[in-house]
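**Q** Take a look at query.txt, compact mmCIF, C-alpha atoms:
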```txt
# COMPACT_ATOMS: atom_id res chain seq x y z
CA MET A 73 70.29 197.46 129.32
CA SER A 74 67.77 194.60 129.20
CA GLU A 75 68.68 191.20 130.57
CA VAL A 76 68.59 189.67 127.08
CA SER A 77 71.02 192.30 125.76
CA GLU A 78 73.30 191.68 128.73
CA LEU A 79 73.22 187.95 128.07
CA GLU A 80 73.89 188.49 124.36
CA GLU A 81 77.01 190.49 125.22
CA LEU A 82 78.15 187.85 127.71
CA LEU A 83 77.66 184.97 125.28
CA ALA A 84 79.55 186.91 122.60
CA ALA A 85 82.42 187.36 125.07
CA ILE A 86 82.37 183.64 125.92
CA SER A 87 82.90 182.89 122.23
CA GLU A 88 86.41 184.34 122.63
CA VAL A 89 87.52 182.54 125.81
CA ARG A 90 89.74 179.48 126.17
CA VAL A 91 88.83 177.00 128.89
CA ALA A 92 90.52 173.84 130.16
CA VAL A 93 88.61 171.12 132.02
CA TYR A 94 90.43 168.72 134.34
CA GLY A 95 88.86 165.87 136.22
CA ASP A 96 86.93 162.64 135.93
CA PHE A 97 86.04 162.20 132.28
CA ALA A 98 83.43 159.50 131.88
CA LEU A 99 81.08 158.07 129.29
CA ASP A 100 77.34 157.78 129.89
CA VAL A 101 76.00 154.71 128.08
CA TYR A 102 72.24 154.31 127.64
CA TRP A 103 70.85 150.88 126.75
CA GLU A 104 67.27 150.88 125.48
CA LEU A 105 65.96 147.47 126.54
CA ALA A 106 63.18 145.42 124.98
CA ASP A 107 61.55 142.09 125.84
CA ASP A 108 60.79 139.78 122.94
CA GLY A 109 59.77 136.84 125.13
CA GLU A 110 63.05 134.95 124.81
CA HIS A 111 64.49 132.97 127.72
CA SER A 112 68.02 131.64 128.17
CA LEU A 113 68.29 127.94 127.36
CA GLU A 114 70.93 127.52 130.06
CA THR A 115 69.32 129.41 132.95
CA ALA A 116 65.69 129.84 131.86
CA LEU A 117 66.00 133.51 132.84
CA PRO A 118 64.31 136.14 130.62
CA VAL A 119 66.57 137.76 128.02
CA ARG A 120 66.61 141.52 127.69
CA LEU A 121 67.34 142.72 124.17
CA VAL A 122 69.46 145.86 123.86
CA ALA A 123 67.42 147.43 121.09
CA ALA A 124 69.58 150.58 120.92
CA GLU A 125 72.68 152.04 122.52
CA ARG A 126 73.57 155.70 122.74
CA CYS A 127 76.47 157.39 124.48
CA ALA A 128 77.32 160.85 125.73
CA PRO A 129 80.21 162.41 127.65
CA GLY A 130 79.66 162.35 131.41
CA GLY A 131 81.29 164.01 134.43
CA ALA A 132 84.07 166.34 133.31
CA GLY A 133 83.27 165.25 129.74
CA ASN A 134 79.82 166.78 130.05
CA VAL A 135 81.34 170.02 131.36
CA ALA A 136 83.60 170.14 128.30
CA ALA A 137 80.67 169.31 125.99
CA ASN A 138 78.61 172.12 127.53
CA LEU A 139 81.45 174.61 127.14
CA ALA A 140 81.73 173.66 123.49
CA ALA A 141 77.95 174.06 123.08
CA LEU A 142 78.17 177.52 124.70
CA GLY A 143 80.58 178.45 121.92
CA ALA A 144 83.85 178.84 123.83
CA ALA A 145 86.71 179.54 121.42
CA GLU A 146 88.80 176.65 122.79
CA VAL A 147 87.97 173.79 125.14
CA HIS A 148 90.79 171.55 126.34
CA ALA A 149 90.13 168.21 128.07
CA ILE A 150 92.72 166.92 130.53
CA GLY A 151 92.46 163.80 132.64
CA PRO A 152 93.02 160.05 132.91
CA ALA A 153 91.22 158.04 130.21
CA GLY A 154 91.98 154.58 128.89
CA ASP A 155 92.58 153.29 125.39
CA ASP A 156 89.58 150.95 125.75
CA ALA A 157 86.35 151.10 123.73
CA HIS A 158 84.73 153.55 126.15
CA GLY A 159 87.78 155.82 126.03
CA ARG A 160 87.89 155.80 122.25
CA ARG A 161 84.20 156.60 122.03
CA LEU A 162 84.55 159.40 124.58
CA ARG A 163 87.41 161.02 122.66
CA GLU A 164 85.59 160.69 119.34
CA ASP A 165 82.46 162.32 120.74
CA LEU A 166 84.30 165.23 122.35
CA ALA A 167 86.54 165.76 119.32
CA GLY A 168 83.42 165.86 117.17
CA ARG A 169 82.19 168.76 119.31
CA GLY A 170 85.45 170.65 118.77
CA VAL A 171 87.07 169.76 122.11
CA ASP A 172 90.84 169.27 122.18
CA VAL A 173 91.27 165.73 123.59
CA ALA A 174 95.08 165.52 123.42
CA GLY A 175 95.17 165.71 127.22
CA LEU A 176 93.00 162.62 127.71
CA LYS A 177 95.57 159.86 128.15
CA PRO A 178 95.85 156.60 130.09
CA PRO A 179 98.09 157.08 133.15
CA GLN A 180 99.19 153.47 132.80
CA PRO A 181 98.52 150.48 130.53
CA GLY A 182 95.19 148.81 131.18
CA TRP A 183 93.54 151.91 132.65
CA VAL A 184 89.73 151.58 132.38
CA THR A 185 87.80 154.64 131.24
CA PRO A 186 85.02 155.39 133.73
CA ALA A 187 81.64 154.62 132.22
CA TYR A 188 78.10 154.52 133.56
CA ALA A 189 75.86 152.03 131.75
CA LYS A 190 72.21 152.91 132.28
CA PRO A 191 69.67 150.29 131.16
CA MET A 192 66.40 151.99 130.18
CA TRP A 193 63.27 149.86 130.60
CA ALA A 194 59.86 151.22 129.60
CA GLY A 195 61.27 154.73 129.57
CA ARG A 196 62.82 154.51 133.04
CA GLU A 197 66.40 154.09 134.13
CA THR A 198 67.01 150.81 135.99
CA GLN A 199 70.00 149.49 137.95
CA ARG A 200 73.21 151.16 136.74
CA PHE A 201 76.47 149.38 135.89
CA ASP A 202 79.72 151.27 136.56
CA PHE A 203 83.11 150.72 134.93
CA GLY A 204 86.49 152.00 136.13
CA THR A 205 85.36 153.90 139.21
CA ARG A 206 87.66 152.22 141.76
CA GLN A 207 91.07 152.99 140.24
CA ARG A 208 93.64 155.15 141.98
CA LEU A 209 96.32 157.41 140.60
CA GLY A 210 99.87 156.87 141.78
CA GLU A 211 102.24 159.68 142.70
CA GLU A 212 103.99 159.47 139.34
CA HIS A 213 100.64 159.77 137.54
CA ILE A 214 99.72 162.84 139.59
CA GLU A 215 103.02 164.52 138.73
CA ARG A 216 102.49 164.01 134.99
CA LEU A 217 98.87 165.16 135.10
CA ALA A 218 99.73 168.24 137.18
CA ALA A 219 102.42 169.21 134.67
CA ARG A 220 99.95 168.77 131.81
CA VAL A 221 97.37 170.96 133.55
CA ALA A 222 99.94 173.66 134.30
CA GLU A 223 101.13 173.69 130.70
CA THR A 224 97.59 174.01 129.37
CA ALA A 225 96.65 176.70 131.91
CA GLU A 226 99.35 178.94 130.43
CA ARG A 227 97.20 179.45 127.34
CA CYS A 228 93.72 179.42 128.92
CA ASP A 229 91.42 181.97 130.53
CA ALA A 230 89.69 179.51 132.85
CA LEU A 231 90.25 176.09 134.39
CA VAL A 232 87.40 173.90 135.64
CA LEU A 233 88.08 171.12 138.13
CA ASN A 234 85.46 168.38 138.19
CA GLN A 235 85.30 165.49 140.64
CA GLN A 236 82.89 162.71 139.74
CA ILE A 237 84.64 159.78 141.43
CA GLU A 238 86.11 159.37 144.92
CA PRO A 239 89.03 160.10 144.88
CA GLY A 240 89.26 159.85 141.08
CA ALA A 241 91.37 162.44 139.31
CA LEU A 242 91.38 164.76 142.35
CA PRO A 243 93.11 162.96 145.23
CA ALA A 244 94.48 165.17 147.99
CA ALA A 245 97.97 165.35 146.44
CA MET A 246 96.52 166.60 143.14
CA ALA A 247 94.28 169.10 144.91
CA ARG A 248 97.29 170.60 146.69
CA ARG A 249 99.20 170.96 143.41
CA LEU A 250 96.25 172.66 141.75
CA SER A 251 95.88 175.06 144.68
CA VAL A 252 99.50 176.11 144.18
CA LEU A 253 98.84 176.55 140.47
CA ALA A 254 95.82 178.76 141.19
CA ALA A 255 97.95 180.98 143.42
CA GLU A 256 100.63 181.21 140.72
CA ARG A 257 98.13 182.01 137.95
CA PRO A 258 95.68 184.58 139.38
CA GLU A 259 94.74 185.67 135.87
CA VAL A 260 93.12 182.27 135.23
CA ALA A 261 89.52 181.94 136.44
CA PHE A 262 89.45 178.69 138.42
CA LEU A 263 86.26 176.87 139.42
CA ALA A 264 86.05 173.59 141.36
CA ASP A 265 82.96 171.38 141.41
CA THR A 266 83.56 168.43 143.71
CA ARG A 267 81.35 165.70 145.16
CA ARG A 268 82.81 166.25 148.62
CA VAL A 269 84.20 169.23 150.49
CA MET A 270 87.95 169.21 149.84
CA ASP A 271 90.06 171.10 152.36
CA ASP A 272 93.10 170.46 150.16
CA LEU A 273 91.67 172.79 147.51
CA SER A 274 92.43 176.26 148.84
CA GLY A 275 92.01 179.68 147.29
CA ILE A 276 89.86 178.29 144.44
CA PRO A 277 86.27 179.44 143.82
CA ARG A 278 83.86 176.59 144.41
CA GLN A 279 80.57 175.25 143.22
CA ARG A 280 78.71 173.28 145.90
CA ASN A 281 75.36 171.56 146.08
CA ALA A 282 73.07 172.65 148.90
CA ALA A 283 72.98 169.05 150.16
CA SER A 284 76.69 169.29 151.01
CA PHE A 285 75.76 171.58 153.92
CA GLY A 286 73.37 169.04 155.42
CA ALA A 287 69.86 167.70 154.96
CA GLY A 288 66.68 169.59 155.72
CA LEU A 289 68.17 173.09 155.73
CA ASP A 290 66.25 176.08 154.41
CA THR A 291 67.81 178.78 152.25
CA PRO A 292 68.61 181.21 155.11
CA GLN A 293 70.40 178.43 157.00
CA ILE A 294 72.37 177.45 153.89
CA GLU A 295 73.24 181.12 153.32
CA ALA A 296 74.69 181.45 156.82
CA LEU A 297 76.76 178.30 156.39
CA ALA A 298 77.87 179.34 152.90
CA LEU A 299 79.11 182.72 154.09
CA GLU A 300 81.24 180.97 156.67
CA ALA A 301 82.45 178.27 154.26
CA ALA A 302 83.43 180.74 151.54
CA GLY A 303 86.14 182.24 153.70
CA GLY A 304 86.28 185.31 151.48
CA ASP A 305 86.45 183.27 148.25
CA LEU A 306 83.80 183.15 145.55
CA LEU A 307 81.26 180.39 146.17
CA PHE A 308 78.26 179.23 144.16
CA VAL A 309 75.72 177.04 145.96
CA THR A 310 73.23 175.28 143.69
CA LEU A 311 69.78 175.07 145.27
CA GLY A 312 67.98 172.97 142.66
CA ALA A 313 64.55 174.43 141.94
CA ASN A 314 65.43 177.40 144.19
CA GLY A 315 68.25 178.64 141.97
CA ILE A 316 71.81 179.55 142.95
CA LEU A 317 73.23 181.32 145.99
CA VAL A 318 76.25 183.48 145.13
CA VAL A 319 78.69 184.38 147.89
CA GLU A 320 81.01 187.10 146.61
CA ASN A 321 83.02 189.69 148.54
CA ASP A 322 81.60 188.29 151.80
CA ARG A 323 78.04 188.98 150.67
CA ALA A 324 75.35 186.52 149.62
CA ARG A 325 73.00 187.07 146.71
CA HIS A 326 70.20 184.75 145.61
CA VAL A 327 69.63 184.18 141.89
CA ALA A 328 66.24 182.58 141.29
CA ALA A 329 65.83 179.49 139.17
CA VAL A 330 63.95 179.55 135.90
CA PRO A 331 60.54 177.86 136.34
CA VAL A 332 60.46 174.58 134.41
CA ALA A 333 57.39 172.40 134.00
CA ASP A 334 57.52 168.62 134.26
CA PRO A 335 58.73 166.31 132.91
CA ILE A 336 62.36 167.09 133.63
CA ASP A 337 65.62 165.13 133.82
CA PRO A 338 68.21 166.69 136.16
CA VAL A 339 71.07 164.38 135.09
CA GLY A 340 74.03 166.53 134.10
CA ALA A 341 72.43 169.82 135.16
CA GLY A 342 75.29 170.43 137.60
CA ASP A 343 77.80 170.02 134.75
CA THR A 344 75.84 172.51 132.64
CA THR A 345 75.95 174.91 135.57
CA SER A 346 79.72 174.48 135.93
CA ALA A 347 80.29 175.17 132.24
CA ALA A 348 78.16 178.32 132.26
CA LEU A 349 79.76 179.64 135.46
CA ALA A 350 83.28 178.99 134.16
CA GLY A 351 82.61 180.46 130.74
CA ALA A 352 81.03 183.56 132.22
CA ARG A 353 83.84 184.07 134.72
CA ALA A 354 86.44 183.64 131.98
CA ALA A 355 84.61 186.39 130.10
CA GLY A 356 84.87 188.68 133.12
CA ALA A 357 81.28 188.45 134.40
CA GLU A 358 80.50 189.07 138.04
CA GLY A 359 79.11 186.23 140.11
CA HIS A 360 75.42 187.12 139.90
CA LEU A 361 75.44 187.41 136.10
CA ALA A 362 77.37 184.15 135.79
CA ALA A 363 74.76 182.50 138.00
CA ARG A 364 71.90 183.91 135.92
CA LEU A 365 73.42 182.45 132.77
CA ALA A 366 73.85 179.13 134.61
CA THR A 367 70.20 178.99 135.71
CA LEU A 368 69.06 179.57 132.14
CA ALA A 369 71.44 176.98 130.71
CA ALA A 370 70.36 174.40 133.30
CA ALA A 371 66.69 175.12 132.55
CA VAL A 372 67.39 174.24 128.92
CA THR A 373 69.17 170.96 129.67
CA VAL A 374 66.74 169.56 132.26
CA ARG A 375 64.05 169.50 129.58
CA LYS A 376 66.20 167.14 127.49
CA LEU A 377 65.01 163.81 128.82
CA GLN A 378 67.12 160.66 129.25
CA GLN A 379 70.29 162.33 128.05
CA THR A 380 73.18 164.38 129.38
CA GLY A 381 72.16 167.47 127.46
CA THR A 382 73.84 170.74 126.56
CA ALA A 383 72.61 174.29 126.09
CA SER A 384 73.49 176.50 123.13
CA PRO A 385 73.46 180.33 123.04
CA ARG A 386 70.44 180.17 120.73
CA GLU A 387 68.48 178.03 123.21
CA ILE A 388 69.49 180.14 126.20
CA LEU A 389 68.54 183.42 124.53
CA ALA A 390 65.22 182.00 123.30
CA LEU A 391 64.38 181.00 126.86
CA ALA A 392 65.43 184.41 128.21
CA ARG A 393 63.29 186.23 125.63
CA GLY A 394 60.30 184.08 126.56
CA LEU A 395 60.64 185.21 130.19
CA GLU A 396 60.59 188.94 129.39
```
As structure tokens, how would this structure be written, given the file I've shared?

**A**
Amino acid sequence: MSEVSELEELLAAISEVRVAVYGDFALDVYWELADDGEHSLETALPVRLVAAERCAPGGAGNVAANLAALGAAEVHAIGPAGDDAHGRRLREDLAGRGVDVAGLKPPQPGWVTPAYAKPMWAGRETQRFDFGTRQRLGEEHIERLAARVAETAERCDALVLNQQIEPGALPAAMARRLSVLAAERPEVAFLADTRRVMDDLSGIPRQRNAASFGAGLDTPQIEALALEAAGGDLLFVTLGANGILVVENDRARHVAAVPVADPIDPVGAGDTTSAALAGARAAGAEGHLAARLATLAAAVTVRKLQQTGTASPREILALARGLE
């Protein structure tokens, strides 16, 4: 069977899976700035005109958006999100993509939805402004969220855990509860993508960036460390332009990246990778095939400049056919 045929079968299987995403749901806000020569009368400082604003789901929201773009039968979003303007816009965007947003609720009144405002000047991103990234969940919030995740997992084939903020929606207490849930529900394909190595997440397949093993390491060094870190579990290590290292059944396998010419924008590529890995695993794919789908999906999204892009089956298959 050709690779394209294999991918066609996998994508068809993904169209029948149900996936839940839990974690730090955020909104990416892009401000296109312009300078019309105006200065503030009060301060004499130059005024920057926001000529256009566009928004897209970020963090766990981008994972959910990518799963929807892949064609998953159901995508459920679960996590803390406020009733503020950013939260409303995030829910509207995800709902418009077919994502179930009933699980996106404020844990308490006044909760601020995480948002990343990115001023764009002359086509380049400038200093970012962050909203809601220093809030902490209380024990009672964790209990409610854990119950919501467990209830949703009963009707899903996969559960993705996404950490964008420290500690965000995945403090140690929540990680321990989700580890218990993974042990209780072995039929659910779990995948955790976290910004830091979390010892409290046990028995859950991971997605890690190569940088988490240390700076300046080559692929053989990362492979040795990954084999030790996996501890017998499934582990995907993203290597950027060098592809993905898959550690499965105590063996490492390298899946090469798809060559992509400049210009590229890597923002959100890790989320695209998470979505493809989770969707593929929910469909029963082995690690190397899941990683191949992820490299193709990421190659599609990095060519979508100044946006947190997604990859559709049509785009992925067109890219795969062009590589034959």

**Q** Calculate how many Å separate CA of Arg126 (chain A) from CA of Ala371 (chain A), rounding to one decimal.

**A**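 Between these atoms lies a distance of 22.8 Å.
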
**Q** For Thr266 (chain A), which residue among A:Gly342, A:His148, A:Glu226, A:Lys177 is the nearest when counting only C-alpha atoms?

**A**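 Looking at the shortest contact to Thr266 (chain A), the residue is A:Gly342.
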
**Q** In Å, how far is it from CA of Glu104 (chain A) to CA of Lys190 (chain A)?

**A** 8.6 Å

**Q** Residues within 7 Å of (61.2, 145.5, 125.6), file coordinates, counting all atoms listed in the file: what are they? Give the list as JSON, numbers by chain.

**A** {"A": [105, 106, 107, 108, 121, 193]}

**Q** For the selection you just gave me, I'd like the residues written to a file as a compact mmCIF listing (two decimals), keeping the file's coordinate frame, keeping C-alpha atoms.

**A**
```txt
# COMPACT_ATOMS: atom_id res chain seq x y z
CA LEU A 105 65.96 147.47 126.54
CA ALA A 106 63.18 145.42 124.98
CA ASP A 107 61.55 142.09 125.84
CA ASP A 108 60.79 139.78 122.94
CA LEU A 121 67.34 142.72 124.17
CA TRP A 193 63.27 149.86 130.60
```

**Q** Please, what distance in Å, to one decimal, runs between CA of Ala301 (chain A) and CA of Gly340 (chain A)?

**A**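 Between CA of Ala301 (chain A) and CA of Gly340 (chain A) the gap is 24.8 Å.
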